[in-house]
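Q: My structure file upload_24.cif, mmCIF, N, CA and C atoms, is below:
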data_coords
loop_
_atom_site.label_atom_id
_atom_site.label_comp_id
_atom_site.auth_asym_id
_atom_site.auth_seq_id
_atom_site.Cartn_x
_atom_site.Cartn_y
_atom_site.Cartn_z
N MET A 1 63.56 112.84 71.67
CA MET A 1 64.87 113.49 71.64
C MET A 1 65.15 113.89 70.20
N ALA A 2 65.60 115.06 70.02
CA ALA A 2 65.87 115.58 68.68
C ALA A 2 67.15 114.96 68.12
N VAL A 3 67.24 114.91 66.80
CA VAL A 3 68.41 114.35 66.13
C VAL A 3 69.66 115.12 66.50
N ALA A 4 69.54 116.43 66.62
CA ALA A 4 70.69 117.26 66.98
C ALA A 4 71.23 116.89 68.35
N ASP A 5 70.32 116.56 69.29
CA ASP A 5 70.76 116.17 70.63
C ASP A 5 71.54 114.86 70.59
N ARG A 6 71.11 113.89 69.77
CA ARG A 6 71.82 112.62 69.65
C ARG A 6 73.21 112.82 69.06
N LYS A 7 73.31 113.66 68.07
CA LYS A 7 74.62 113.93 67.47
C LYS A 7 75.54 114.58 68.48
N HIS A 8 74.98 115.46 69.30
CA HIS A 8 75.79 116.15 70.30
C HIS A 8 76.36 115.14 71.30
N ARG A 9 75.57 114.15 71.67
CA ARG A 9 76.04 113.14 72.63
C ARG A 9 77.15 112.27 72.07
N LYS A 10 77.18 112.07 70.77
CA LYS A 10 78.17 111.20 70.15
C LYS A 10 79.42 111.96 69.72
N ALA A 11 79.53 113.20 70.14
CA ALA A 11 80.69 114.01 69.74
C ALA A 11 81.97 113.35 70.25
N LYS A 12 82.97 113.35 69.42
CA LYS A 12 84.25 112.73 69.77
C LYS A 12 85.04 113.63 70.70
N LYS A 13 85.83 112.99 71.54
CA LYS A 13 86.69 113.73 72.44
C LYS A 13 87.83 114.33 71.64
N PRO A 14 88.31 115.48 72.04
CA PRO A 14 89.43 116.08 71.30
C PRO A 14 90.70 115.25 71.46
N ALA A 15 91.54 115.30 70.46
CA ALA A 15 92.81 114.56 70.48
C ALA A 15 93.69 115.10 71.59
N PRO A 16 94.51 114.25 72.20
CA PRO A 16 95.41 114.72 73.25
C PRO A 16 96.37 115.77 72.70
N GLN A 17 96.73 116.68 73.55
CA GLN A 17 97.65 117.74 73.12
C GLN A 17 99.01 117.16 72.82
N GLY A 18 99.69 117.75 71.87
CA GLY A 18 101.01 117.29 71.49
C GLY A 18 100.95 116.18 70.45
N GLY A 19 99.75 115.73 70.09
CA GLY A 19 99.59 114.72 69.06
C GLY A 19 100.00 113.32 69.48
N LYS A 20 100.33 113.10 70.74
CA LYS A 20 100.74 111.78 71.20
C LYS A 20 99.53 111.00 71.67
N ARG A 21 99.54 109.72 71.34
CA ARG A 21 98.47 108.85 71.79
C ARG A 21 98.86 108.22 73.12
N LYS A 22 97.89 108.06 73.97
CA LYS A 22 98.14 107.38 75.23
C LYS A 22 98.02 105.88 74.99
N ILE A 23 98.90 105.12 75.63
CA ILE A 23 98.84 103.67 75.55
C ILE A 23 97.87 103.21 76.61
N LYS A 24 96.87 102.44 76.20
CA LYS A 24 95.89 101.95 77.15
C LYS A 24 96.51 100.84 77.99
N THR A 25 96.23 100.89 79.27
CA THR A 25 96.73 99.86 80.17
C THR A 25 95.58 99.00 80.65
N ALA A 26 95.92 97.87 81.21
CA ALA A 26 94.91 96.95 81.72
C ALA A 26 94.17 97.60 82.88
N ARG A 27 92.95 97.20 83.10
CA ARG A 27 92.15 97.77 84.17
C ARG A 27 92.71 97.41 85.54
N ALA A 28 93.05 96.17 85.73
CA ALA A 28 93.58 95.73 87.01
C ALA A 28 95.10 95.73 86.94
N PRO A 29 95.76 96.44 87.85
CA PRO A 29 97.22 96.46 87.81
C PRO A 29 97.80 95.09 88.12
N VAL A 30 98.97 94.84 87.55
CA VAL A 30 99.66 93.59 87.82
C VAL A 30 100.20 93.65 89.24
N LYS A 31 99.97 92.60 89.98
CA LYS A 31 100.45 92.57 91.35
C LYS A 31 101.97 92.49 91.34
N PRO A 32 102.63 93.22 92.23
CA PRO A 32 104.09 93.16 92.28
C PRO A 32 104.56 91.72 92.46
N GLY A 33 105.50 91.34 91.62
CA GLY A 33 106.06 90.00 91.70
C GLY A 33 105.35 88.97 90.84
N MET A 34 104.16 89.28 90.31
CA MET A 34 103.40 88.29 89.54
C MET A 34 104.13 87.93 88.25
N VAL A 35 104.66 88.91 87.54
CA VAL A 35 105.33 88.65 86.27
C VAL A 35 106.62 87.87 86.50
N SER A 36 107.42 88.29 87.46
CA SER A 36 108.68 87.57 87.72
C SER A 36 108.40 86.17 88.27
N THR A 37 107.32 86.01 89.06
CA THR A 37 106.96 84.69 89.57
C THR A 37 106.61 83.75 88.42
N LEU A 38 105.83 84.25 87.46
CA LEU A 38 105.46 83.44 86.30
C LEU A 38 106.70 83.08 85.49
N ARG A 39 107.57 84.05 85.28
CA ARG A 39 108.80 83.78 84.51
C ARG A 39 109.66 82.73 85.21
N LYS A 40 109.79 82.85 86.51
CA LYS A 40 110.60 81.88 87.26
C LYS A 40 109.94 80.51 87.31
N ARG A 41 108.62 80.50 87.36
CA ARG A 41 107.89 79.22 87.34
C ARG A 41 108.13 78.49 86.02
N LEU A 42 108.21 79.26 84.94
CA LEU A 42 108.50 78.68 83.62
C LEU A 42 109.99 78.42 83.43
N GLN A 43 110.80 78.88 84.38
CA GLN A 43 112.25 78.71 84.35
C GLN A 43 112.87 79.29 83.08
N LEU A 44 112.45 80.52 82.76
CA LEU A 44 112.94 81.18 81.55
C LEU A 44 113.79 82.39 81.89
N ARG A 45 114.77 82.64 81.04
CA ARG A 45 115.56 83.86 81.15
C ARG A 45 114.67 85.03 80.75
N GLN A 46 115.04 86.23 81.17
CA GLN A 46 114.24 87.41 80.83
C GLN A 46 114.09 87.57 79.32
N ALA A 47 115.15 87.32 78.57
CA ALA A 47 115.10 87.49 77.11
C ALA A 47 114.07 86.55 76.48
N ASP A 48 114.03 85.30 76.94
CA ASP A 48 113.07 84.34 76.40
C ASP A 48 111.64 84.71 76.78
N PHE A 49 111.45 85.11 78.02
CA PHE A 49 110.11 85.47 78.48
C PHE A 49 109.62 86.74 77.78
N ALA A 50 110.52 87.68 77.56
CA ALA A 50 110.15 88.92 76.88
C ALA A 50 109.67 88.63 75.46
N CYS A 51 110.28 87.65 74.80
CA CYS A 51 109.86 87.25 73.45
C CYS A 51 108.45 86.69 73.45
N LEU A 52 108.07 85.99 74.51
CA LEU A 52 106.73 85.40 74.58
C LEU A 52 105.64 86.45 74.74
N LEU A 53 105.95 87.59 75.34
CA LEU A 53 104.88 88.55 75.65
C LEU A 53 104.37 89.33 74.45
N PRO A 54 104.94 89.74 73.46
CA PRO A 54 106.32 90.14 73.18
C PRO A 54 106.55 91.60 73.62
N VAL A 55 107.58 91.77 74.41
CA VAL A 55 107.98 93.11 74.88
C VAL A 55 109.50 93.18 74.90
N SER A 56 110.00 94.37 75.06
CA SER A 56 111.45 94.54 75.17
C SER A 56 111.90 94.11 76.57
N LEU A 57 113.20 93.90 76.72
CA LEU A 57 113.74 93.56 78.04
C LEU A 57 113.46 94.67 79.05
N ARG A 58 113.56 95.89 78.59
CA ARG A 58 113.32 97.03 79.48
C ARG A 58 111.86 97.04 79.95
N THR A 59 110.94 96.79 79.03
CA THR A 59 109.52 96.74 79.41
C THR A 59 109.27 95.59 80.36
N LEU A 60 109.89 94.44 80.11
CA LEU A 60 109.72 93.30 81.01
C LEU A 60 110.22 93.66 82.41
N ALA A 61 111.36 94.31 82.50
CA ALA A 61 111.89 94.71 83.81
C ALA A 61 110.91 95.64 84.52
N THR A 62 110.28 96.53 83.77
CA THR A 62 109.29 97.44 84.35
C THR A 62 108.06 96.67 84.82
N LEU A 63 107.63 95.71 84.02
CA LEU A 63 106.48 94.89 84.41
C LEU A 63 106.77 94.07 85.66
N GLU A 64 108.01 93.60 85.77
CA GLU A 64 108.38 92.79 86.93
C GLU A 64 108.39 93.60 88.22
N THR A 65 108.42 94.93 88.11
CA THR A 65 108.35 95.77 89.31
C THR A 65 106.90 96.08 89.68
N GLY A 66 105.94 95.62 88.84
CA GLY A 66 104.53 95.81 89.18
C GLY A 66 103.81 96.86 88.35
N SER A 67 104.45 97.40 87.31
CA SER A 67 103.78 98.38 86.45
C SER A 67 102.65 97.70 85.68
N ALA A 68 101.63 98.48 85.38
CA ALA A 68 100.48 97.94 84.65
C ALA A 68 100.85 97.69 83.19
N PRO A 69 100.50 96.52 82.67
CA PRO A 69 100.80 96.22 81.26
C PRO A 69 99.74 96.82 80.33
N THR A 70 100.04 96.88 79.06
CA THR A 70 99.03 97.27 78.08
C THR A 70 98.00 96.15 78.02
N LYS A 71 96.87 96.40 77.39
CA LYS A 71 95.82 95.38 77.31
C LYS A 71 96.31 94.12 76.60
N GLY A 72 97.07 94.31 75.52
CA GLY A 72 97.58 93.16 74.79
C GLY A 72 98.53 92.31 75.61
N VAL A 73 99.41 92.96 76.35
CA VAL A 73 100.37 92.24 77.19
C VAL A 73 99.64 91.57 78.35
N ALA A 74 98.65 92.26 78.91
CA ALA A 74 97.87 91.66 80.01
C ALA A 74 97.14 90.41 79.52
N ARG A 75 96.62 90.46 78.31
CA ARG A 75 95.93 89.30 77.72
C ARG A 75 96.92 88.15 77.55
N ARG A 76 98.12 88.47 77.06
CA ARG A 76 99.14 87.44 76.85
C ARG A 76 99.60 86.84 78.18
N LEU A 77 99.74 87.69 79.22
CA LEU A 77 100.11 87.20 80.54
C LEU A 77 99.05 86.23 81.09
N THR A 78 97.80 86.59 80.90
CA THR A 78 96.71 85.72 81.36
C THR A 78 96.76 84.39 80.63
N GLU A 79 97.00 84.44 79.32
CA GLU A 79 97.10 83.21 78.53
C GLU A 79 98.26 82.35 79.02
N LEU A 80 99.41 82.98 79.29
CA LEU A 80 100.57 82.22 79.76
C LEU A 80 100.34 81.64 81.15
N GLN A 81 99.63 82.37 82.01
CA GLN A 81 99.30 81.85 83.34
C GLN A 81 98.42 80.62 83.24
N ARG A 82 97.40 80.68 82.40
CA ARG A 82 96.50 79.54 82.22
C ARG A 82 97.25 78.33 81.65
N LEU A 83 98.09 78.59 80.66
CA LEU A 83 98.85 77.51 80.04
C LEU A 83 99.83 76.89 81.04
N THR A 84 100.48 77.72 81.82
CA THR A 84 101.42 77.24 82.83
C THR A 84 100.70 76.38 83.87
N GLN A 85 99.53 76.81 84.30
CA GLN A 85 98.75 76.04 85.27
C GLN A 85 98.38 74.68 84.70
N ALA A 86 97.93 74.66 83.45
CA ALA A 86 97.54 73.40 82.81
C ALA A 86 98.75 72.49 82.62
N LEU A 87 99.88 73.06 82.21
CA LEU A 87 101.09 72.25 82.02
C LEU A 87 101.58 71.66 83.34
N SER A 88 101.41 72.42 84.43
CA SER A 88 101.88 71.91 85.72
C SER A 88 101.05 70.72 86.21
N GLU A 89 99.89 70.51 85.59
CA GLU A 89 99.07 69.34 85.93
C GLU A 89 99.58 68.07 85.24
N VAL A 90 100.32 68.23 84.15
CA VAL A 90 100.76 67.06 83.38
C VAL A 90 102.29 66.92 83.31
N ILE A 91 103.01 67.95 83.74
CA ILE A 91 104.49 67.92 83.73
C ILE A 91 104.96 68.36 85.12
N LYS A 92 105.95 67.67 85.64
CA LYS A 92 106.50 68.05 86.94
C LYS A 92 107.06 69.47 86.86
N GLN A 93 106.80 70.25 87.91
CA GLN A 93 107.21 71.65 87.96
C GLN A 93 108.72 71.82 87.69
N GLU A 94 109.54 70.94 88.27
CA GLU A 94 110.99 71.07 88.11
C GLU A 94 111.45 70.73 86.69
N SER A 95 110.60 70.07 85.91
CA SER A 95 110.95 69.71 84.53
C SER A 95 110.37 70.67 83.49
N LEU A 96 109.51 71.58 83.92
CA LEU A 96 108.80 72.44 83.00
C LEU A 96 109.72 73.29 82.13
N GLY A 97 110.72 73.93 82.73
CA GLY A 97 111.64 74.77 81.97
C GLY A 97 112.41 74.00 80.92
N ALA A 98 112.92 72.84 81.30
CA ALA A 98 113.67 72.02 80.35
C ALA A 98 112.75 71.53 79.23
N TRP A 99 111.51 71.15 79.57
CA TRP A 99 110.57 70.68 78.56
C TRP A 99 110.25 71.79 77.55
N LEU A 100 110.07 73.01 78.03
CA LEU A 100 109.76 74.14 77.14
C LEU A 100 110.88 74.42 76.14
N GLN A 101 112.12 74.10 76.52
CA GLN A 101 113.27 74.47 75.70
C GLN A 101 113.89 73.29 74.96
N THR A 102 113.21 72.15 74.95
CA THR A 102 113.71 70.96 74.27
C THR A 102 112.89 70.70 73.02
N PRO A 103 113.55 70.51 71.86
CA PRO A 103 112.79 70.19 70.65
C PRO A 103 111.92 68.94 70.88
N ASN A 104 110.71 68.98 70.32
CA ASN A 104 109.74 67.93 70.58
C ASN A 104 109.14 67.45 69.27
N GLN A 105 109.19 66.15 69.04
CA GLN A 105 108.65 65.58 67.80
C GLN A 105 107.15 65.83 67.65
N ALA A 106 106.44 65.93 68.77
CA ALA A 106 105.00 66.19 68.72
C ALA A 106 104.70 67.55 68.09
N PHE A 107 105.70 68.42 68.08
CA PHE A 107 105.55 69.76 67.50
C PHE A 107 106.47 69.92 66.28
N ASP A 108 106.64 68.84 65.54
CA ASP A 108 107.46 68.85 64.32
C ASP A 108 108.90 69.30 64.59
N GLY A 109 109.44 68.90 65.72
CA GLY A 109 110.82 69.22 66.06
C GLY A 109 111.01 70.61 66.65
N LEU A 110 109.95 71.37 66.81
CA LEU A 110 110.06 72.69 67.42
C LEU A 110 110.08 72.56 68.94
N LYS A 111 110.69 73.53 69.59
CA LYS A 111 110.62 73.60 71.04
C LYS A 111 109.23 74.13 71.40
N PRO A 112 108.63 73.64 72.49
CA PRO A 112 107.33 74.17 72.90
C PRO A 112 107.35 75.70 73.05
N LEU A 113 108.48 76.24 73.48
CA LEU A 113 108.63 77.69 73.59
C LEU A 113 108.44 78.36 72.23
N GLU A 114 108.98 77.76 71.18
CA GLU A 114 108.82 78.29 69.82
C GLU A 114 107.38 78.18 69.34
N VAL A 115 106.71 77.11 69.74
CA VAL A 115 105.30 76.92 69.37
C VAL A 115 104.46 78.04 69.98
N ILE A 116 104.70 78.34 71.26
CA ILE A 116 103.98 79.42 71.93
C ILE A 116 104.30 80.76 71.27
N ASP A 117 105.58 80.99 70.99
CA ASP A 117 106.02 82.24 70.39
C ASP A 117 105.38 82.46 69.02
N ARG A 118 105.13 81.39 68.28
CA ARG A 118 104.50 81.49 66.97
C ARG A 118 102.99 81.72 67.05
N GLY A 119 102.45 81.68 68.27
CA GLY A 119 101.02 81.86 68.43
C GLY A 119 100.23 80.59 68.19
N GLU A 120 100.90 79.44 68.32
CA GLU A 120 100.26 78.15 68.07
C GLU A 120 100.09 77.36 69.37
N SER A 121 99.78 78.07 70.44
CA SER A 121 99.64 77.39 71.73
C SER A 121 98.48 76.41 71.75
N ASP A 122 97.58 76.50 70.76
CA ASP A 122 96.49 75.52 70.68
C ASP A 122 97.05 74.10 70.50
N ARG A 123 98.22 73.98 69.89
CA ARG A 123 98.86 72.67 69.74
C ARG A 123 99.25 72.11 71.10
N ILE A 124 99.70 72.98 71.98
CA ILE A 124 100.07 72.54 73.34
C ILE A 124 98.81 72.22 74.13
N TRP A 125 97.75 73.03 73.97
CA TRP A 125 96.49 72.74 74.65
C TRP A 125 95.95 71.38 74.21
N SER A 126 96.10 71.05 72.94
CA SER A 126 95.65 69.76 72.44
C SER A 126 96.42 68.63 73.11
N MET A 127 97.73 68.81 73.24
CA MET A 127 98.57 67.82 73.91
C MET A 127 98.13 67.65 75.37
N ILE A 128 97.86 68.78 76.04
CA ILE A 128 97.42 68.74 77.44
C ILE A 128 96.11 67.97 77.54
N TYR A 129 95.20 68.21 76.61
CA TYR A 129 93.91 67.50 76.61
C TYR A 129 94.12 65.99 76.54
N PHE A 130 94.97 65.55 75.63
CA PHE A 130 95.20 64.11 75.48
C PHE A 130 95.91 63.52 76.68
N LEU A 131 96.84 64.27 77.27
CA LEU A 131 97.52 63.77 78.46
C LEU A 131 96.57 63.67 79.65
N ARG A 132 95.67 64.65 79.79
CA ARG A 132 94.70 64.64 80.88
C ARG A 132 93.72 63.48 80.72
N SER A 133 93.28 63.23 79.49
CA SER A 133 92.26 62.22 79.25
C SER A 133 92.84 60.81 79.23
N GLY A 134 94.14 60.69 78.98
CA GLY A 134 94.75 59.38 78.89
C GLY A 134 94.53 58.71 77.55
N MET A 135 93.95 59.45 76.61
CA MET A 135 93.71 58.90 75.27
C MET A 135 94.95 59.06 74.40
N PRO A 136 95.29 58.05 73.62
CA PRO A 136 96.43 58.22 72.70
C PRO A 136 96.06 59.18 71.58
N SER A 137 97.03 59.95 71.12
CA SER A 137 96.73 60.91 70.05
C SER A 137 96.82 60.28 68.69
#
Take the structure I supplied and represent it as structure tokens, if you would.
A:
Amino acid sequence: MAVADRKHRKAKKPAPQGGKRKIKTARAPVKPGMVSTLRKRLQLRQADFACLLPVSLRTLATLETGSAPTKGVARRLTELQRLTQALSEVIKQESLGAWLQTPNQAFDGLKPLEVIDRGESDRIWSMIYFLRSGMPS
């Protein structure tokens, strides 16, 4: 294959008209009700849940109707689903919302919700590990 042919194959696509970039969405659409179900399972107000994603209240309302999220938001939703599932193994479901919003000495007096919002959910995963194993920290 000639060098010219290889260059031709790697040609870039033209920019979208109007100069606007398209926002990439997740490959698999969010199932209707999945976002609101997760929010209700965490017992969070829309404003608090929107901060965790992080999206605006308007975007959260759109997501709760089943609109496809951007890749970043879809990744964050997946992370929150996994974390919620793991927490439900060590904390009673009816106590989960209160636990998320109560300052905790294990997190230097921060609320677990604040720890997640700061991007430090690994601290919560560590706590889950110790609770599952029964080992003292």
Q: I need the residue set behind the PyMOL selection byres (((chain A and resi 38-52 and name CA) around 9) and name CA) for this file; please write it as a PyMOL selection string.
A: chain A and resi 33-37+53-57+59-61+76-77+80-81+84+93-94+96-98+100-101+113-114+116-118
Q: Separation of CA of Lys92 in chain A and CA of Asp122 in chain A, in Å?
A: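 Taking CA of Lys92 in chain A as the start and CA of Asp122 in chain A as the end point, the length is 20.5 Å.
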Q: By how many Å are atom C of Ser126 in chain A and atom C of Val90 in chain A apart?
A: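 Taking atom C of Ser126 in chain A and atom C of Val90 in chain A, their separation equals 11.9 Å.
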Q: Could you tell me how far CA of Glu64 in chain A lies from CA of Lys111 in chain A, in Å and to one decimal?
A: 25.0 Å
Q: Once 5 Å is added on each side, what centre and edge lengths in Å to one decimal does the axis-aligned box around all listed atoms of range 98-113 of chain A have, as lines of an AutoDock Vina configuration file?
A:
center_x = 109.3
center_y = 72.0
center_z = 72.8
size_x = 19.2
size_y = 22.8
size_z = 27.0
Q: As a CSV table (one decimal) with N, CA and C atoms, keeping the file's coordinate frame, please: all residues of range 38-118 of chain A that backbone DSSP puts in helix (DSSP H, G or I).
A:
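The result, written out as out_12.csv:
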chain,number,residue,atom,x,y,z
A,38,LEU,N,105.8,84.2,87.5
A,38,LEU,CA,105.5,83.4,86.3
A,38,LEU,C,106.7,83.1,85.5
A,39,ARG,N,107.6,84.0,85.3
A,39,ARG,CA,108.8,83.8,84.5
A,39,ARG,C,109.7,82.7,85.2
A,40,LYS,N,109.8,82.8,86.5
A,40,LYS,CA,110.6,81.9,87.3
A,40,LYS,C,109.9,80.5,87.3
A,41,ARG,N,108.6,80.5,87.4
A,41,ARG,CA,107.9,79.2,87.3
A,41,ARG,C,108.1,78.5,86.0
A,46,GLN,N,115.0,86.2,81.2
A,46,GLN,CA,114.2,87.4,80.8
A,46,GLN,C,114.1,87.6,79.3
A,47,ALA,N,115.2,87.3,78.6
A,47,ALA,CA,115.1,87.5,77.1
A,47,ALA,C,114.1,86.6,76.5
A,48,ASP,N,114.0,85.3,76.9
A,48,ASP,CA,113.1,84.3,76.4
A,48,ASP,C,111.6,84.7,76.8
A,49,PHE,N,111.4,85.1,78.0
A,49,PHE,CA,110.1,85.5,78.5
A,49,PHE,C,109.6,86.7,77.8
A,50,ALA,N,110.5,87.7,77.6
A,50,ALA,CA,110.2,88.9,76.9
A,50,ALA,C,109.7,88.6,75.5
A,51,CYS,N,110.3,87.6,74.8
A,51,CYS,CA,109.9,87.2,73.4
A,51,CYS,C,108.4,86.7,73.4
A,52,LEU,N,108.1,86.0,74.5
A,52,LEU,CA,106.7,85.4,74.6
A,52,LEU,C,105.6,86.4,74.7
A,57,LEU,N,113.2,93.9,76.7
A,57,LEU,CA,113.7,93.6,78.0
A,57,LEU,C,113.5,94.7,79.0
A,58,ARG,N,113.6,95.9,78.6
A,58,ARG,CA,113.3,97.0,79.5
A,58,ARG,C,111.9,97.0,80.0
A,59,THR,N,110.9,96.8,79.0
A,59,THR,CA,109.5,96.7,79.4
A,59,THR,C,109.3,95.6,80.4
A,60,LEU,N,109.9,94.4,80.1
A,60,LEU,CA,109.7,93.3,81.0
A,60,LEU,C,110.2,93.7,82.4
A,61,ALA,N,111.4,94.3,82.5
A,61,ALA,CA,111.9,94.7,83.8
A,61,ALA,C,110.9,95.6,84.5
A,62,THR,N,110.3,96.5,83.8
A,62,THR,CA,109.3,97.4,84.4
A,62,THR,C,108.1,96.7,84.8
A,63,LEU,N,107.6,95.7,84.0
A,63,LEU,CA,106.5,94.9,84.4
A,63,LEU,C,106.8,94.1,85.7
A,64,GLU,N,108.0,93.6,85.8
A,64,GLU,CA,108.4,92.8,86.9
A,64,GLU,C,108.4,93.6,88.2
A,71,LYS,N,96.9,96.4,77.4
A,71,LYS,CA,95.8,95.4,77.3
A,71,LYS,C,96.3,94.1,76.6
A,72,GLY,N,97.1,94.3,75.5
A,72,GLY,CA,97.6,93.2,74.8
A,72,GLY,C,98.5,92.3,75.6
A,73,VAL,N,99.4,93.0,76.4
A,73,VAL,CA,100.4,92.2,77.2
A,73,VAL,C,99.6,91.6,78.4
A,74,ALA,N,98.6,92.3,78.9
A,74,ALA,CA,97.9,91.7,80.0
A,74,ALA,C,97.1,90.4,79.5
A,75,ARG,N,96.6,90.5,78.3
A,75,ARG,CA,95.9,89.3,77.7
A,75,ARG,C,96.9,88.2,77.6
A,76,ARG,N,98.1,88.5,77.1
A,76,ARG,CA,99.1,87.4,76.8
A,76,ARG,C,99.6,86.8,78.2
A,77,LEU,N,99.7,87.7,79.2
A,77,LEU,CA,100.1,87.2,80.5
A,77,LEU,C,99.0,86.2,81.1
A,78,THR,N,97.8,86.6,80.9
A,78,THR,CA,96.7,85.7,81.4
A,78,THR,C,96.8,84.4,80.6
A,79,GLU,N,97.0,84.4,79.3
A,79,GLU,CA,97.1,83.2,78.5
A,79,GLU,C,98.3,82.4,79.0
A,80,LEU,N,99.4,83.0,79.3
A,80,LEU,CA,100.6,82.2,79.8
A,80,LEU,C,100.3,81.6,81.2
A,81,GLN,N,99.6,82.4,82.0
A,81,GLN,CA,99.3,81.8,83.3
A,81,GLN,C,98.4,80.6,83.2
A,82,ARG,N,97.4,80.7,82.4
A,82,ARG,CA,96.5,79.5,82.2
A,82,ARG,C,97.2,78.3,81.6
A,83,LEU,N,98.1,78.6,80.7
A,83,LEU,CA,98.8,77.5,80.0
A,83,LEU,C,99.8,76.9,81.0
A,84,THR,N,100.5,77.7,81.8
A,84,THR,CA,101.4,77.2,82.8
A,84,THR,C,100.7,76.4,83.9
A,85,GLN,N,99.5,76.8,84.3
A,85,GLN,CA,98.8,76.0,85.3
A,85,GLN,C,98.4,74.7,84.7
A,86,ALA,N,97.9,74.7,83.4
A,86,ALA,CA,97.5,73.4,82.8
A,86,ALA,C,98.8,72.5,82.6
A,87,LEU,N,99.9,73.1,82.2
A,87,LEU,CA,101.1,72.2,82.0
A,87,LEU,C,101.6,71.7,83.3
A,88,SER,N,101.4,72.4,84.4
A,88,SER,CA,101.9,71.9,85.7
A,88,SER,C,101.0,70.7,86.2
A,89,GLU,N,99.9,70.5,85.6
A,89,GLU,CA,99.1,69.3,85.9
A,89,GLU,C,99.6,68.1,85.2
A,90,VAL,N,100.3,68.2,84.2
A,90,VAL,CA,100.8,67.1,83.4
A,90,VAL,C,102.3,66.9,83.3
A,93,GLN,N,106.8,70.2,87.9
A,93,GLN,CA,107.2,71.6,88.0
A,93,GLN,C,108.7,71.8,87.7
A,94,GLU,N,109.5,70.9,88.3
A,94,GLU,CA,111.0,71.1,88.1
A,94,GLU,C,111.4,70.7,86.7
A,95,SER,N,110.6,70.1,85.9
A,95,SER,CA,111.0,69.7,84.5
A,95,SER,C,110.4,70.7,83.5
A,96,LEU,N,109.5,71.6,83.9
A,96,LEU,CA,108.8,72.4,83.0
A,96,LEU,C,109.7,73.3,82.1
A,97,GLY,N,110.7,73.9,82.7
A,97,GLY,CA,111.6,74.8,82.0
A,97,GLY,C,112.4,74.0,80.9
A,98,ALA,N,112.9,72.8,81.3
A,98,ALA,CA,113.7,72.0,80.4
A,98,ALA,C,112.8,71.5,79.2
A,99,TRP,N,111.5,71.2,79.6
A,99,TRP,CA,110.6,70.7,78.6
A,99,TRP,C,110.2,71.8,77.6
A,100,LEU,N,110.1,73.0,78.0
A,100,LEU,CA,109.8,74.1,77.1
A,100,LEU,C,110.9,74.4,76.1
A,105,GLN,N,109.2,66.2,69.0
A,105,GLN,CA,108.6,65.6,67.8
A,105,GLN,C,107.2,65.8,67.6
A,106,ALA,N,106.4,65.9,68.8
A,106,ALA,CA,105.0,66.2,68.7
A,106,ALA,C,104.7,67.6,68.1
A,107,PHE,N,105.7,68.4,68.1
A,107,PHE,CA,105.6,69.8,67.5
A,107,PHE,C,106.5,69.9,66.3
A,112,PRO,N,108.6,73.6,72.5
A,112,PRO,CA,107.3,74.2,72.9
A,112,PRO,C,107.4,75.7,73.0
A,113,LEU,N,108.5,76.2,73.5
A,113,LEU,CA,108.6,77.7,73.6
A,113,LEU,C,108.4,78.4,72.2
A,114,GLU,N,109.0,77.8,71.2
A,114,GLU,CA,108.8,78.3,69.8
A,114,GLU,C,107.4,78.2,69.3
A,115,VAL,N,106.7,77.1,69.7
A,115,VAL,CA,105.3,76.9,69.4
A,115,VAL,C,104.5,78.0,70.0
A,116,ILE,N,104.7,78.3,71.3
A,116,ILE,CA,104.0,79.4,71.9
A,116,ILE,C,104.3,80.8,71.3
A,117,ASP,N,105.6,81.0,71.0
A,117,ASP,CA,106.0,82.2,70.4
A,117,ASP,C,105.4,82.5,69.0
Q: Restricting the calculation to only C-alpha atoms: of A:Gly109, A:Asn104, A:Ser95, A:Leu87, which residue gets closest to Arg132 in chain A?
A: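 When distances to Arg132 in chain A are compared using only C-alpha atoms, the smallest one comes from A:Leu87.
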